[in-house]
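Trainee: Can you read through this structure? Questions will come right after.
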There are 2 protein chains.
Amino acid sequence: MKNKVKGGQMLPLNSILGGDCVEVMNSLPENSVDLIFADPPYNLQLRGDLHRPDNSKVDAVDDAWDQFASFETYDRFTRDWLKAARRILKPNGAIWVIGSYHNIFRVGAALQNEGYWILNDVVWRKSNPMPNFRGKRFTNAHETMIWASKSEGAKYTFNYEALKSLNEGVQMRSDWVLPICNGGEREKDENGDKAHPTQKPQSLLHRILVGSTNPGDVVLDPFFGTGTTGAVAKMLGRDFIGIEREEAYRKVAEKRLSRIRKFDRETLEVSTSKRSEPRVPFGQLVERGMLRPGEELWSMNGRHKAKVRADGTLIGDDIKGSIHQVGAALEGAPSCNGWTYWCFKKDGQTIPIDLLRQQIRAEMI
Amino acid sequence: MKNKVKGGQMLPLNSILGGDCVEVMNSLPENSVDLIFADPPYNLQLRGDLHRPDNSKVDAVDDAWDQFASFETYDRFTRDWLKAARRILKPNGAIWVIGSYHNIFRVGAALQNEGYWILNDVVWRKSNPMPNFRGKRFTNAHETMIWASKSEGAKYTFNYEALKSLNEGVQMRSDWVLPICNGGEREKDENGDKAHPTQKPQSLLHRILVGSTNPGDVVLDPFFGTGTTGAVAKMLGRDFIGIEREEAYRKVAEKRLSRIRKFDRETLEVSTSKRSEPRVPFGQLVERGMLRPGEELWSMNGRHKAKVRADGTLIGDDIKGSIHQVGAALEGAPSCNGWTYWCFKKDGQTIPIDLLRQQIRAEMI
DNA sequence: CTCTCGTCTGAATCAACAG
DNA sequence: CCTGTTGATTCAGACGAGA
């Protein structure tokens, strides 16, 4: 454990503290921490069991630490830890909080009420989320993070150029596409099961710490879990303080951190994933008014036609379905690329719909 | 103006009402509206002017309607209109609210406090956002929408299959990539300037209305602006009610709506789920001689078999019951869809019994 | 070694209806 | 109201077995 003296009080750097996070934070000196990353309980309020269509059971987050009696209880909990966190934050420090729609609105309002100043909300768009198995809602494909300074007008840290580099030379946006934490990165317990139900990916913390701290800064995480914040902080040459109530999680985190080595500068380069051409649903052409419901499309060979429907399907003689399905059926073929098969007419000209897809792709870059 | 009588009170359909939205909503009959889409003031709290790198000035939202004295004032405003909105919503109705990090956390918390039940938060990811000119924060590239039912357990409308079709056959996620409203879609005032500072794109409303309303539903927008909600509702064969305080916006909206044409009926029909198809008792297959009592059925995986009985139940080894019960028992699963689980053999081929159900359904049309 | 195929899993407020 | 029955519903990616 490294220690820093701060106004006569010691700062327990690069260690994991047990106990209730509010009490522990209150025991630390005020104005002493550069960044706080917090992943508090989401208060999911799940009802019964959930099964996948193949009848396997979803391993839900039903841990005691996620149970709150009411919104009021949760709000009080939130207010308390945000207040304690704000006291130990340096005047130019900042906080990141992550949550889902179950809790993030209450957390955001509490942040504002406590005097924090919201700088951005950032959406973590999961590239591989769990689907909605009952077809009753949208796939829950994102979580929300709030980035806030200690107060309005504070000089927070923002490494604009570093983030721009991470983003292939263009300004980093408020939506980040990153995969969830699985595979070898996921910490396992002694039985080989996942050690923590909600472990966050290192890529997320990497971007946060590169963007809003400098080497040598102190990063505190009041809900440390298996220690992703500490692991990434250590790699990036930042100091961390973790607080975690559950001994089992602390043990996993200690072991994990002992394995982590600080990055050499060259390994700091993240591997950029190869970007394939984004998939454009045909329905978007309808939503965006490029094609009107009711408009007729013609097959490339001019032999067939079909009408566009409001949901992005086609209706022909006795056949309904996607552009691909209807094309295949009309041609009696096993499959058909609807994008190159169908054309629309404009000013007497026959134009393949693929041209519209290319327009959308051009906008997406 | 079309009118609907609702419990003795008139519903002013397809018209734009002037005045304060709370007062107007309170004058409407309770439980009368299917969907509310609301784009309330964001309470942006901008300080001073913003200039682009080329020194041109950004035309900011500095209208009087976006000024609130404090969070408390904004919260009271939010609570009031959410309460009024909830009263006029049908029990199985739903609401969509859009906002940014300035206001959405307060709106979301207020929704929960008023008894709405959040179904999803949906991120509108802008494909062409305005950059952050000062390089001090992330590009503000998204806005957040909250979708909520009137109360927990309500039977809200969700056109799962239609949305899936709009998304090239995979289920719609909670993050939507759509461009901002510009070009010819942007309404202009008599000077050729943008008529409203925060006009929403029609594509956004298209997806919302296709997904969470049916043709003939009543859609109310308490902050109507230049009438995007009304325009898309009209196109899609939904009725709308707009409320807008500012006469200038009402005039633009009236003109806009007069230009809109409704799509044809057949193109408005969207793909429906199997859930809406009529139930067919398995016993009917036996009664109609499609399966004979004593005939053997095989499980899809070929591992189990059972015999059909005259009353439409199955009998396997040590187990009797419905096609679902026997399937579940043999698989040791909590439940089983017997229609897709069991197959019969004909001419050496293995055919799922669901095919027979489809034949019966086809006759029922 | 490569490739294919089957299996497993992830912060989830996840059913409707008849009796 | 509650209870039991019917029956609708999944995407991306990692991993291991087997060819």
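As shown in the structure tokens, the chain order sets the letters A, B, ...; within each chain, residues go from 1, and ligands are also counted from 1 in the order they appear.
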What lies within 9 Å of Ser322 of chain B using only C-alpha atoms (C1' of nucleotides), ignoring chain neighbours under 2 positions off, as a VMD selection string?

Mentor: chain B and resid 282 312 to 315 320 324 to 327 338

Trainee: Considering only C-alpha atoms (C1' of nucleotides), extract the chain B residues located within 8 Å of chain D and return them as a list of chain:residue names.

Mentor: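 Within 8 Å of chain D on chain B, we get B:Lys274, B:Arg275, B:His324, B:Cys336, B:Asn337, B:Gly338, B:Trp339.
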
Trainee: To one decimal place, how far is atom CA of Asn26 of chain A from atom CA of Thr78 of chain A in Å?

Mentor: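 If I compute the distance from atom CA of Asn26 of chain A to atom CA of Thr78 of chain A, I get 14.9 Å.
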
Trainee: Would you return as a ChimeraX atom specification the members of segment 190-232 of chain B that DSSP assigns to alpha helix (DSSP H) on this structure's backbone?

Mentor: /B:202-212,228-232

Trainee: Hey, can you spit out that residue selection with C-alpha atoms as an mmCIF file, in the first residue's frame?

Mentor:
```cif
data_model
loop_
_atom_site.group_PDB
_atom_site.id
_atom_site.type_symbol
_atom_site.label_atom_id
_atom_site.label_comp_id
_atom_site.auth_asym_id
_atom_site.auth_seq_id
_atom_site.Cartn_x
_atom_site.Cartn_y
_atom_site.Cartn_z
ATOM 1 C CA GLN B 202 -40.360 12.486 -38.823
ATOM 2 C CA SER B 203 -38.394 9.245 -38.846
ATOM 3 C CA LEU B 204 -38.299 9.288 -35.059
ATOM 4 C CA LEU B 205 -42.065 9.646 -34.777
ATOM 5 C CA HIS B 206 -42.610 7.069 -37.504
ATOM 6 C CA ARG B 207 -40.839 4.432 -35.451
ATOM 7 C CA ILE B 208 -42.597 5.432 -32.253
ATOM 8 C CA LEU B 209 -46.068 5.425 -33.771
ATOM 9 C CA VAL B 210 -45.632 2.228 -35.801
ATOM 10 C CA GLY B 211 -44.251 0.532 -32.704
ATOM 11 C CA SER B 212 -46.605 1.680 -29.988
ATOM 12 C CA THR B 228 -44.177 16.566 -36.346
ATOM 13 C CA THR B 229 -46.301 14.274 -34.185
ATOM 14 C CA GLY B 230 -49.469 15.324 -35.982
ATOM 15 C CA ALA B 231 -47.886 15.019 -39.408
ATOM 16 C CA VAL B 232 -46.694 11.467 -38.884
#
```

Trainee: Counting only C-alpha atoms, collect the residues of chain A whose closest atom lies at most 6 Å from chain B, and write them out as a PyMOL selection string.

Mentor: chain A and resi 101+105-106+108-109+121+138-141+172-174+281+283+287-288+293-294+309-312+364

Trainee: Calculate the C-alpha RMSD, in Å to one decimal, after superposing chain B onto chain A by least squares over all C-alpha atoms paired in sequence order.

Mentor: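 The root-mean-square deviation of C-alpha positions is 16.3 Å.
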
Trainee: Show me which bits of chain A are within 6 Å of chain C, counting only C-alpha atoms (C1' of nucleotides), as a VMD selection string.

Mentor: chain A and resid 44 to 46 130 134 136 198

Trainee: Using N, CA and C atoms, can you write the selected residues to a file as a compact mmCIF listing (two decimals), in the first residue's frame?

Mentor:
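Heads up, here's the output in result-v9.txt:
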```txt
# COMPACT_ATOMS: atom_id res chain seq x y z
N LEU A 44 -33.06 -3.20 -9.49
CA LEU A 44 -33.75 -3.74 -10.66
C LEU A 44 -35.20 -4.13 -10.43
N GLN A 45 -35.58 -4.50 -9.25
CA GLN A 45 -36.96 -4.85 -8.94
C GLN A 45 -37.50 -5.94 -9.88
N LEU A 46 -36.78 -7.05 -10.00
CA LEU A 46 -37.24 -8.14 -10.85
C LEU A 46 -38.33 -8.92 -10.15
N MET A 130 -27.92 -8.79 -24.20
CA MET A 130 -28.87 -9.89 -24.10
C MET A 130 -30.17 -9.46 -24.77
N ARG A 134 -39.03 -12.25 -24.44
CA ARG A 134 -40.47 -12.42 -24.61
C ARG A 134 -41.04 -11.55 -25.71
N LYS A 136 -41.49 -8.36 -25.76
CA LYS A 136 -42.43 -7.40 -25.17
C LYS A 136 -41.88 -5.98 -25.13
N THR A 198 -22.26 -8.27 -12.38
CA THR A 198 -22.32 -7.08 -13.23
C THR A 198 -20.95 -6.49 -13.51
```
